[in-house]
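Novice: Coordinates in final.pdb, PDB, C-alpha atoms, pLDDT in the B column, are listed below.
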```pdb
ATOM      1  CA  THR A   1      29.026 -67.057 -70.096  1.00 91.00           C
ATOM      2  CA  ASP A   2      25.781 -65.957 -71.705  1.00 93.00           C
ATOM      3  CA  GLU A   3      25.599 -69.268 -73.552  1.00 95.00           C
ATOM      4  CA  PHE A   4      26.033 -71.305 -70.369  1.00 95.00           C
ATOM      5  CA  CYS A   5      23.258 -69.331 -68.649  1.00 96.00           C
ATOM      6  CA  ARG A   6      20.953 -69.789 -71.637  1.00 96.00           C
ATOM      7  CA  LEU A   7      21.569 -73.525 -71.892  1.00 95.00           C
ATOM      8  CA  MET A   8      21.075 -74.064 -68.165  1.00 96.00           C
ATOM      9  CA  LEU A   9      17.805 -72.138 -68.168  1.00 96.00           C
ATOM     10  CA  GLU A  10      16.577 -74.079 -71.201  1.00 96.00           C
ATOM     11  CA  GLU A  11      17.369 -77.351 -69.451  1.00 95.00           C
ATOM     12  CA  LEU A  12      15.608 -76.240 -66.269  1.00 94.00           C
ATOM     13  CA  ASP A  13      12.520 -75.192 -68.258  1.00 94.00           C
ATOM     14  CA  HIS A  14      12.564 -78.489 -70.171  1.00 93.00           C
ATOM     15  CA  TYR A  15      12.791 -80.526 -66.965  1.00 92.00           C
ATOM     16  CA  GLU A  16       9.921 -78.627 -65.348  1.00 90.00           C
ATOM     17  CA  ALA A  17       7.752 -79.005 -68.473  1.00 92.00           C
ATOM     18  CA  SER A  18       8.303 -82.778 -68.412  1.00 91.00           C
ATOM     19  CA  GLY A  19       6.030 -83.086 -65.384  1.00 88.00           C
ATOM     20  CA  ILE A  20       8.616 -85.039 -63.400  1.00 86.00           C
ATOM     21  CA  PRO A  21       8.276 -84.065 -59.717  1.00 88.00           C
ATOM     22  CA  LEU A  22      11.041 -81.772 -58.476  1.00 88.00           C
ATOM     23  CA  ARG A  23      12.513 -81.919 -55.000  1.00 93.00           C
ATOM     24  CA  ARG A  24      12.738 -78.557 -53.293  1.00 95.00           C
ATOM     25  CA  PRO A  25      16.409 -77.564 -53.258  1.00 96.00           C
ATOM     26  CA  ASN A  26      16.715 -76.809 -49.545  1.00 95.00           C
ATOM     27  CA  GLY A  27      14.741 -76.123 -46.392  1.00 93.00           C
ATOM     28  CA  MET A  28      14.101 -72.449 -47.200  1.00 95.00           C
ATOM     29  CA  ASN A  29      13.610 -72.229 -50.976  1.00 96.00           C
ATOM     30  CA  ARG A  30      10.476 -73.913 -52.270  1.00 95.00           C
ATOM     31  CA  PHE A  31      11.137 -73.509 -55.994  1.00 95.00           C
ATOM     32  CA  GLY A  32      14.184 -74.760 -57.850  1.00 96.00           C
ATOM     33  CA  SER A  33      15.898 -78.075 -58.419  1.00 96.00           C
ATOM     34  CA  VAL A  34      18.683 -80.337 -57.208  1.00 97.00           C
ATOM     35  CA  LEU A  35      21.331 -80.472 -59.933  1.00 97.00           C
ATOM     36  CA  GLY A  36      22.178 -84.088 -59.192  1.00 96.00           C
ATOM     37  CA  ASP A  37      18.576 -85.073 -59.939  1.00 94.00           C
ATOM     38  CA  LEU A  38      18.917 -83.518 -63.399  1.00 94.00           C
ATOM     39  CA  GLY A  39      22.101 -85.410 -64.259  1.00 93.00           C
ATOM     40  CA  PHE A  40      24.445 -82.506 -63.536  1.00 96.00           C
ATOM     41  CA  GLY A  41      26.262 -84.225 -60.663  1.00 96.00           C
ATOM     42  CA  PRO A  42      29.440 -84.968 -62.685  1.00 95.00           C
ATOM     43  CA  MET A  43      29.504 -81.391 -63.994  1.00 95.00           C
ATOM     44  CA  VAL A  44      29.248 -79.954 -60.484  1.00 96.00           C
ATOM     45  CA  HIS A  45      32.003 -82.263 -59.235  1.00 96.00           C
ATOM     46  CA  ARG A  46      34.405 -81.431 -62.057  1.00 94.00           C
ATOM     47  CA  MET A  47      33.640 -77.721 -61.821  1.00 95.00           C
ATOM     48  CA  THR A  48      34.379 -77.870 -58.093  1.00 95.00           C
ATOM     49  CA  GLU A  49      37.638 -79.784 -58.401  1.00 93.00           C
ATOM     50  CA  GLU A  50      39.079 -77.781 -61.304  1.00 92.00           C
ATOM     51  CA  LEU A  51      37.859 -74.284 -60.496  1.00 94.00           C
ATOM     52  CA  LEU A  52      35.743 -73.620 -57.417  1.00 96.00           C
ATOM     53  CA  LYS A  53      37.798 -75.408 -54.768  1.00 95.00           C
ATOM     54  CA  PRO A  54      41.145 -73.903 -55.875  1.00 95.00           C
ATOM     55  CA  LEU A  55      39.539 -70.453 -56.128  1.00 95.00           C
ATOM     56  CA  ALA A  56      38.011 -70.785 -52.657  1.00 96.00           C
ATOM     57  CA  ARG A  57      41.425 -71.772 -51.263  1.00 96.00           C
ATOM     58  CA  HIS A  58      42.888 -68.527 -52.591  1.00 95.00           C
ATOM     59  CA  VAL A  59      40.042 -66.276 -51.487  1.00 96.00           C
ATOM     60  CA  PHE A  60      39.431 -67.891 -48.092  1.00 97.00           C
ATOM     61  CA  PRO A  61      42.639 -69.717 -47.121  1.00 96.00           C
ATOM     62  CA  ASP A  62      41.632 -69.621 -43.452  1.00 96.00           C
ATOM     63  CA  MET A  63      38.486 -71.666 -44.192  1.00 96.00           C
ATOM     64  CA  MET A  64      39.660 -74.017 -46.928  1.00 96.00           C
ATOM     65  CA  GLY A  65      42.021 -76.403 -45.202  1.00 93.00           C
ATOM     66  CA  PRO A  66      42.813 -79.976 -46.292  1.00 92.00           C
ATOM     67  CA  GLY A  67      39.636 -81.889 -47.110  1.00 92.00           C
ATOM     68  CA  GLU A  68      37.412 -78.815 -47.340  1.00 95.00           C
ATOM     69  CA  GLY A  69      35.432 -78.814 -50.558  1.00 94.00           C
ATOM     70  CA  ASP A  70      35.845 -82.546 -51.116  1.00 95.00           C
ATOM     71  CA  GLU A  71      32.056 -82.763 -51.088  1.00 96.00           C
ATOM     72  CA  GLN A  72      29.619 -80.385 -52.729  1.00 97.00           C
ATOM     73  CA  TYR A  73      25.904 -79.832 -53.214  1.00 97.00           C
ATOM     74  CA  GLY A  74      24.572 -78.064 -56.286  1.00 98.00           C
ATOM     75  CA  PHE A  75      21.063 -76.720 -56.767  1.00 98.00           C
ATOM     76  CA  THR A  76      19.047 -73.947 -58.387  1.00 97.00           C
ATOM     77  CA  VAL A  77      16.557 -71.525 -56.868  1.00 97.00           C
ATOM     78  CA  ARG A  78      13.861 -69.433 -58.534  1.00 97.00           C
ATOM     79  CA  TYR A  79      12.246 -66.174 -57.465  1.00 97.00           C
ATOM     80  CA  ARG A  80       9.126 -64.787 -59.152  1.00 95.00           C
ATOM     81  CA  ALA A  81       5.678 -63.429 -58.320  1.00 94.00           C
ATOM     82  CA  GLY A  82       3.327 -66.057 -56.905  1.00 94.00           C
ATOM     83  CA  GLU A  83       6.267 -68.166 -55.680  1.00 96.00           C
ATOM     84  CA  ASP A  84       9.257 -67.244 -53.569  1.00 96.00           C
ATOM     85  CA  VAL A  85      10.091 -63.567 -54.044  1.00 96.00           C
ATOM     86  CA  SER A  86      12.571 -63.138 -51.176  1.00 96.00           C
ATOM     87  CA  LEU A  87      14.493 -65.036 -48.521  1.00 96.00           C
ATOM     88  CA  ALA A  88      14.825 -64.156 -44.849  1.00 96.00           C
ATOM     89  CA  GLU A  89      18.219 -63.700 -43.223  1.00 95.00           C
ATOM     90  CA  HIS A  90      20.113 -66.951 -42.895  1.00 96.00           C
ATOM     91  CA  ALA A  91      23.479 -68.655 -43.081  1.00 96.00           C
ATOM     92  CA  ASP A  92      24.191 -71.521 -45.457  1.00 97.00           C
ATOM     93  CA  ALA A  93      24.815 -75.153 -44.563  1.00 95.00           C
ATOM     94  CA  ALA A  94      28.192 -74.841 -46.256  1.00 97.00           C
ATOM     95  CA  THR A  95      31.783 -73.903 -45.630  1.00 97.00           C
ATOM     96  CA  ILE A  96      31.918 -71.841 -48.834  1.00 98.00           C
ATOM     97  CA  THR A  97      29.061 -70.798 -51.136  1.00 98.00           C
ATOM     98  CA  PHE A  98      29.247 -70.024 -54.860  1.00 98.00           C
ATOM     99  CA  ASN A  99      26.166 -68.228 -56.188  1.00 98.00           C
ATOM    100  CA  PHE A 100      25.747 -67.821 -59.967  1.00 97.00           C
ATOM    101  CA  CYS A 101      22.962 -65.648 -61.385  1.00 97.00           C
ATOM    102  CA  LEU A 102      21.595 -67.369 -64.507  1.00 97.00           C
ATOM    103  CA  GLY A 103      18.877 -64.825 -65.335  1.00 93.00           C
ATOM    104  CA  LYS A 104      16.268 -64.094 -66.443  1.00 92.00           C
ATOM    105  CA  GLU A 105      15.121 -60.454 -66.490  1.00 92.00           C
ATOM    106  CA  PHE A 106      14.192 -59.037 -63.079  1.00 95.00           C
ATOM    107  CA  GLN A 107      14.096 -55.944 -60.915  1.00 95.00           C
ATOM    108  CA  GLY A 108      15.015 -55.773 -57.230  1.00 94.00           C
ATOM    109  CA  GLY A 109      16.316 -58.837 -55.436  1.00 93.00           C
ATOM    110  CA  LEU A 110      19.368 -57.267 -53.807  1.00 94.00           C
ATOM    111  CA  LEU A 111      21.481 -59.548 -51.630  1.00 95.00           C
ATOM    112  CA  LYS A 112      22.347 -57.984 -48.268  1.00 96.00           C
ATOM    113  CA  PHE A 113      25.201 -59.273 -46.128  1.00 97.00           C
ATOM    114  CA  ARG A 114      25.653 -58.563 -42.445  1.00 94.00           C
ATOM    115  CA  GLY A 115      28.128 -60.224 -40.062  1.00 94.00           C
ATOM    116  CA  VAL A 116      29.580 -63.733 -39.949  1.00 95.00           C
ATOM    117  CA  ARG A 117      28.302 -66.212 -37.371  1.00 94.00           C
ATOM    118  CA  PHE A 118      30.733 -67.177 -34.595  1.00 90.00           C
ATOM    119  CA  ARG A 119      32.929 -64.156 -35.410  1.00 90.00           C
ATOM    120  CA  GLU A 120      33.237 -60.727 -33.850  1.00 87.00           C
ATOM    121  CA  SER A 121      31.136 -59.336 -36.695  1.00 90.00           C
ATOM    122  CA  ALA A 122      28.151 -61.559 -35.838  1.00 88.00           C
ATOM    123  CA  ASP A 123      26.364 -58.670 -34.087  1.00 90.00           C
ATOM    124  CA  GLN A 124      26.964 -56.230 -36.940  1.00 89.00           C
ATOM    125  CA  VAL A 125      23.776 -54.317 -37.661  1.00 88.00           C
ATOM    126  CA  GLU A 126      24.630 -52.520 -40.881  1.00 91.00           C
ATOM    127  CA  ALA A 127      24.205 -54.628 -44.014  1.00 92.00           C
ATOM    128  CA  ASN A 128      26.085 -54.317 -47.300  1.00 94.00           C
ATOM    129  CA  ALA A 129      24.041 -54.666 -50.484  1.00 95.00           C
ATOM    130  CA  VAL A 130      25.278 -56.651 -53.472  1.00 94.00           C
ATOM    131  CA  THR A 131      23.735 -56.412 -56.930  1.00 93.00           C
ATOM    132  CA  SER A 132      23.566 -59.452 -59.189  1.00 93.00           C
ATOM    133  CA  TRP A 133      22.854 -59.744 -62.902  1.00 95.00           C
ATOM    134  CA  PRO A 134      22.755 -62.619 -65.406  1.00 95.00           C
ATOM    135  CA  GLY A 135      26.254 -64.034 -65.695  1.00 95.00           C
ATOM    136  CA  SER A 136      27.502 -62.630 -62.396  1.00 96.00           C
ATOM    137  CA  ALA A 137      28.920 -64.806 -59.625  1.00 96.00           C
ATOM    138  CA  LEU A 138      29.370 -64.352 -55.902  1.00 96.00           C
ATOM    139  CA  VAL A 139      31.499 -66.346 -53.459  1.00 97.00           C
ATOM    140  CA  HIS A 140      31.227 -66.043 -49.689  1.00 97.00           C
ATOM    141  CA  VAL A 141      31.765 -67.896 -46.433  1.00 97.00           C
ATOM    142  CA  GLY A 142      28.739 -70.049 -45.715  1.00 97.00           C
ATOM    143  CA  GLN A 143      28.269 -68.571 -42.241  1.00 97.00           C
ATOM    144  CA  HIS A 144      28.021 -65.011 -43.616  1.00 97.00           C
ATOM    145  CA  LEU A 145      24.505 -63.886 -42.681  1.00 96.00           C
ATOM    146  CA  HIS A 146      22.599 -62.695 -45.718  1.00 97.00           C
ATOM    147  CA  THR A 147      19.138 -61.815 -46.996  1.00 96.00           C
ATOM    148  CA  ALA A 148      17.572 -61.906 -50.450  1.00 96.00           C
ATOM    149  CA  GLU A 149      15.340 -58.855 -50.790  1.00 96.00           C
ATOM    150  CA  PRO A 150      12.102 -59.142 -52.786  1.00 96.00           C
ATOM    151  CA  ILE A 151      12.200 -58.993 -56.546  1.00 95.00           C
ATOM    152  CA  THR A 152       9.699 -56.415 -57.784  1.00 95.00           C
ATOM    153  CA  SER A 153       9.207 -57.837 -61.269  1.00 95.00           C
ATOM    154  CA  GLY A 154      10.393 -60.605 -63.566  1.00 96.00           C
ATOM    155  CA  GLU A 155      12.125 -63.837 -62.622  1.00 96.00           C
ATOM    156  CA  ARG A 156      15.526 -64.531 -61.133  1.00 97.00           C
ATOM    157  CA  ASP A 157      17.179 -67.969 -61.324  1.00 97.00           C
ATOM    158  CA  ASN A 158      20.383 -68.787 -59.494  1.00 98.00           C
ATOM    159  CA  MET A 159      22.678 -71.802 -59.528  1.00 98.00           C
ATOM    160  CA  ILE A 160      24.272 -72.362 -56.128  1.00 98.00           C
ATOM    161  CA  ILE A 161      27.065 -74.739 -55.158  1.00 98.00           C
ATOM    162  CA  TRP A 162      27.857 -75.408 -51.519  1.00 98.00           C
ATOM    163  CA  LEU A 163      31.286 -76.721 -50.566  1.00 98.00           C
ATOM    164  CA  PHE A 164      31.901 -78.662 -47.379  1.00 95.00           C
ATOM    165  CA  GLY A 165      34.151 -81.349 -45.974  1.00 95.00           C
ATOM    166  CA  ASN A 166      33.881 -85.120 -45.886  1.00 92.00           C
ATOM    167  CA  HIS A 167      30.567 -86.500 -44.632  1.00 92.00           C
ATOM    168  CA  GLY A 168      28.982 -83.062 -44.985  1.00 92.00           C
ATOM    169  CA  THR A 169      31.139 -81.385 -42.354  1.00 94.00           C
ATOM    170  CA  VAL A 170      30.674 -77.600 -42.329  1.00 96.00           C
ATOM    171  CA  ARG A 171      33.660 -75.559 -41.138  1.00 95.00           C
ATOM    172  CA  VAL A 172      32.591 -72.558 -39.059  1.00 94.00           C
ATOM    173  CA  MET A 173      35.853 -71.460 -37.423  1.00 93.00           C
ATOM    174  CA  PRO A 174      39.004 -70.448 -39.306  1.00 94.00           C
ATOM    175  CA  TYR A 175      42.137 -72.557 -39.458  1.00 95.00           C
ATOM    176  CA  GLU A 176      45.219 -71.351 -37.653  1.00 95.00           C
ATOM    177  CA  PRO A 177      47.958 -70.028 -39.970  1.00 94.00           C
ATOM    178  CA  HIS A 178      50.109 -73.135 -39.523  1.00 94.00           C
ATOM    179  CA  GLU A 179      47.129 -75.345 -40.497  1.00 94.00           C
ATOM    180  CA  GLN A 180      46.393 -73.573 -43.774  1.00 94.00           C
ATOM    181  CA  ILE A 181      47.307 -74.918 -47.196  1.00 94.00           C
ATOM    182  CA  PRO A 182      50.490 -73.247 -48.528  1.00 93.00           C
ATOM    183  CA  PRO A 183      49.885 -70.849 -51.439  1.00 91.00           C
ATOM    184  CA  SER A 184      51.840 -73.069 -53.840  1.00 88.00           C
ATOM    185  CA  GLN A 185      49.423 -75.941 -53.192  1.00 90.00           C
ATOM    186  CA  ARG A 186      46.136 -74.054 -53.359  1.00 89.00           C
ATOM    187  CA  TRP A 187      45.797 -74.229 -57.133  1.00 85.00           C
ATOM    188  CA  PRO A 188      47.833 -77.205 -58.343  1.00 72.00           C
ATOM    189  CA  LEU A 189      48.562 -77.570 -62.017  1.00 61.00           C
ATOM    190  CA  PRO A 190      46.359 -80.128 -63.780  1.00 60.00           C
ATOM    191  CA  ASN A 191      47.833 -83.579 -64.137  1.00 54.00           C
ATOM    192  CA  ILE A 192      48.478 -83.602 -67.879  1.00 42.00           C
ATOM    193  CA  SER A 193      50.342 -86.445 -69.484  1.00 44.00           C
ATOM    194  CA  VAL A 194      52.055 -85.427 -72.710  1.00 39.00           C
ATOM    195  CA  SER A 195      53.269 -88.034 -75.156  1.00 38.00           C
ATOM    196  CA  MET A 196      55.954 -86.814 -77.533  1.00 33.00           C
ATOM    197  CA  GLU A 197      57.626 -88.634 -80.394  1.00 38.00           C
ATOM    198  CA  VAL A 198      61.146 -87.451 -81.080  1.00 34.00           C
ATOM    199  CA  LYS A 199      62.731 -88.183 -84.424  1.00 36.00           C
ATOM    200  CA  ASP A 200      66.269 -87.406 -85.425  1.00 39.00           C
ATOM    201  CA  HIS A 201      66.275 -85.765 -88.875  1.00 35.00           C
ATOM    202  CA  ARG A 202      69.960 -84.989 -88.981  1.00 35.00           C
ATOM    203  CA  HIS A 203      70.685 -87.737 -91.483  1.00 40.00           C
ATOM    204  CA  ASP A 204      67.600 -87.235 -93.631  1.00 43.00           C
ATOM    205  CA  ARG A 205      68.318 -86.369 -97.219  1.00 40.00           C
ATOM    206  CA  SER A 206      65.932 -84.665 -99.601  1.00 36.00           C
TER     207      SER A 206
END
```
Output the structure of this file as structure tokens.
Specialist:
Amino acid sequence: TDEFCRLMLEELDHYEASGIPLRRPNGMNRFGSVLGDLGFGPMVHRMTEELLKPLARHVFPDMMGPGEGDEQYGFTVRYRAGEDVSLAEHADAATITFNFCLGKEFQGGLLKFRGVRFRESADQVEANAVTSWPGSALVHVGQHLHTAEPITSGERDNMIIWLFGNHGTVRVMPYEPHEQIPPSQRWPLPNISVSMEVKDHRHDRS
């Protein structure tokens, strides 16, 4: 939502203004933050368990077998003049990637996707461009080769959550059909315990 994006950006600005050193989020992006360092680890975990992992199972059932998504890594990246303005073609160290555009105002910065590593499409030359805007979200297989084109003005901040298996295992090849999670188990209902008090009013008199 717009409010979520605003609050996250305010928190990121507040943390940076505090002067506390920030770890770079990954080996390619120099500017951003690790969400766990900012106290957002529990939020990322709950968000993954209740929403992202079930959604990924529906969208990519061939990649999200049992145990996939049990671990996650959340971080933010920032693009603006004088810092990182683009990102060369790469694949993510993740089984599934969720990319949320938080803002702010910017021009350019298209994401271009080519083929998927270790698949027949790996040698695909033509790239498909994807536009992002504040509040938009993108989900893709981690091994999908992609590029962040330069922003031409403004600042773009993204929150990214990588899903992978236990001990950081990254799935690169699809599961066979018989290994996949059945549709009925991909988005289980929350475990809600309801306490009800039943009272018999048949003999009540007014």
Novice: To one decimal place, how far is CA of Gly32 (chain A) from CA of Gly142 (chain A) in Å?
Specialist: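 Calculated distance between CA of Gly32 (chain A) and CA of Gly142 (chain A) is 19.5 Å.
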Novice: Which value, in Å to one decimal, gives the distance between CA of Arg6 (chain A) and CA of Arg156 (chain A)?
Specialist: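 Computed distance, CA of Arg6 (chain A) to CA of Arg156 (chain A), equals 12.9 Å.
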Novice: Quick one: residues within 9 Å of Gly165 (chain A), all atoms listed in the file, excluding same-chain residues fewer than 5 positions away - as a PyMOL selection string?
Specialist: chain A and resi 66-72+94-95+170-171
Novice: Using all atoms listed in the file for the distances, tell me which of A:Phe4, A:Phe106, A:Trp187, A:Trp162 is nearest to Thr131 (chain A).
Specialist: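 The closest residue to Thr131 (chain A) is A:Phe106.
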Novice: If we count all atoms listed in the file and set the cut-off at 9 Å, which residues sit around region 108-124 of chain A, ignoring sequence neighbours fewer than 6 positions away in its own chain? Please answer as a list of chain:residue names.
Specialist: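 Contacts, in chain order: A:Tyr79, A:Val85, A:Ser86, A:Glu89, A:Ala91, A:Val130, A:Thr131, A:Ser132, A:Val141, A:Gly142, A:Gln143, A:His144, A:Leu145, A:His146, A:Thr147, A:Ala148, A:Glu149, A:Pro150, A:Ile151, A:Thr152, A:Ser153, A:Arg156, A:Val172, A:Met173.
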Novice: Taking (12.8, -78.5, -52.0) as a centre in this file's frame and 12 Å as the limit, can you find every polymer residue with an atom that close, using only C-alpha atoms, and give them as an MDAnalysis selection string?
Specialist: chainID A and resid 21:35 37 75:78 84
Novice: Given the PyMOL selection byres ((chain A and resi 176) around 10) and the file above, list the residues it selects as a list in words.
Specialist: Pro61, Asp62, Met63, Gly65, Met173, Pro174, Tyr175, Pro177, His178, Glu179 and Gln180 of chain A
Novice: Of the candidates A:Leu138, A:Gly103, A:Asn166, A:Leu55, which shows the shortest atom-to-atom distance to Leu12 (chain A), using only C-alpha atoms?
Specialist: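 Counting only C-alpha atoms, the residue closest to Leu12 (chain A) is A:Gly103.
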Novice: Find the residue from A:Leu7, A:Ile161, A:Ile20, A:Val139 that sits nearest to Met47 (chain A); use all atoms listed in the file when measuring.
Specialist: A:Ile161
Novice: Excluding same-chain residues fewer than 4 positions from region 48-52 of chain A, what lies within 12 Å of it counting all atoms listed in the file, as number ranges by chain?
Specialist: A: 41-44, 56-60, 64, 67-74, 96-100, 137-140, 160-164, 186-191
Novice: Take the residues from that selection and put them in a file with C-alpha atoms, as an mmCIF file, keeping the file's coordinate frame.
Specialist:
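Saved to result-v2.cif:
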```cif
data_model
loop_
_atom_site.group_PDB
_atom_site.id
_atom_site.type_symbol
_atom_site.label_atom_id
_atom_site.label_comp_id
_atom_site.auth_asym_id
_atom_site.auth_seq_id
_atom_site.Cartn_x
_atom_site.Cartn_y
_atom_site.Cartn_z
ATOM 1 C CA GLY A 41 26.262 -84.225 -60.663
ATOM 2 C CA PRO A 42 29.440 -84.968 -62.685
ATOM 3 C CA MET A 43 29.504 -81.391 -63.994
ATOM 4 C CA VAL A 44 29.248 -79.954 -60.484
ATOM 5 C CA ALA A 56 38.011 -70.785 -52.657
ATOM 6 C CA ARG A 57 41.425 -71.772 -51.263
ATOM 7 C CA HIS A 58 42.888 -68.527 -52.591
ATOM 8 C CA VAL A 59 40.042 -66.276 -51.487
ATOM 9 C CA PHE A 60 39.431 -67.891 -48.092
ATOM 10 C CA MET A 64 39.660 -74.017 -46.928
ATOM 11 C CA GLY A 67 39.636 -81.889 -47.110
ATOM 12 C CA GLU A 68 37.412 -78.815 -47.340
ATOM 13 C CA GLY A 69 35.432 -78.814 -50.558
ATOM 14 C CA ASP A 70 35.845 -82.546 -51.116
ATOM 15 C CA GLU A 71 32.056 -82.763 -51.088
ATOM 16 C CA GLN A 72 29.619 -80.385 -52.729
ATOM 17 C CA TYR A 73 25.904 -79.832 -53.214
ATOM 18 C CA GLY A 74 24.572 -78.064 -56.286
ATOM 19 C CA ILE A 96 31.918 -71.841 -48.834
ATOM 20 C CA THR A 97 29.061 -70.798 -51.136
ATOM 21 C CA PHE A 98 29.247 -70.024 -54.860
ATOM 22 C CA ASN A 99 26.166 -68.228 -56.188
ATOM 23 C CA PHE A 100 25.747 -67.821 -59.967
ATOM 24 C CA ALA A 137 28.920 -64.806 -59.625
ATOM 25 C CA LEU A 138 29.370 -64.352 -55.902
ATOM 26 C CA VAL A 139 31.499 -66.346 -53.459
ATOM 27 C CA HIS A 140 31.227 -66.043 -49.689
ATOM 28 C CA ILE A 160 24.272 -72.362 -56.128
ATOM 29 C CA ILE A 161 27.065 -74.739 -55.158
ATOM 30 C CA TRP A 162 27.857 -75.408 -51.519
ATOM 31 C CA LEU A 163 31.286 -76.721 -50.566
ATOM 32 C CA PHE A 164 31.901 -78.662 -47.379
ATOM 33 C CA ARG A 186 46.136 -74.054 -53.359
ATOM 34 C CA TRP A 187 45.797 -74.229 -57.133
ATOM 35 C CA PRO A 188 47.833 -77.205 -58.343
ATOM 36 C CA LEU A 189 48.562 -77.570 -62.017
ATOM 37 C CA PRO A 190 46.359 -80.128 -63.780
ATOM 38 C CA ASN A 191 47.833 -83.579 -64.137
#
```
Novice: Let me make sure I understand: among A:His45, A:Gly36, A:Ser184, A:Cys101, which one has the smallest atom-to-atom distance to Thr1 (chain A) if we use only C-alpha atoms?
Specialist: A:Cys101
Novice: Between A:Pro54, A:Pro183, A:Gly82, A:Gly135, which one has atoms that come closest to Gly154 (chain A), using only C-alpha atoms?
Specialist: A:Gly82
Novice: Quick one: pull the distance between CA of Arg46 (chain A) and CA of Gly168 (chain A), Å, one decimal.
Specialist: 18.0 Å
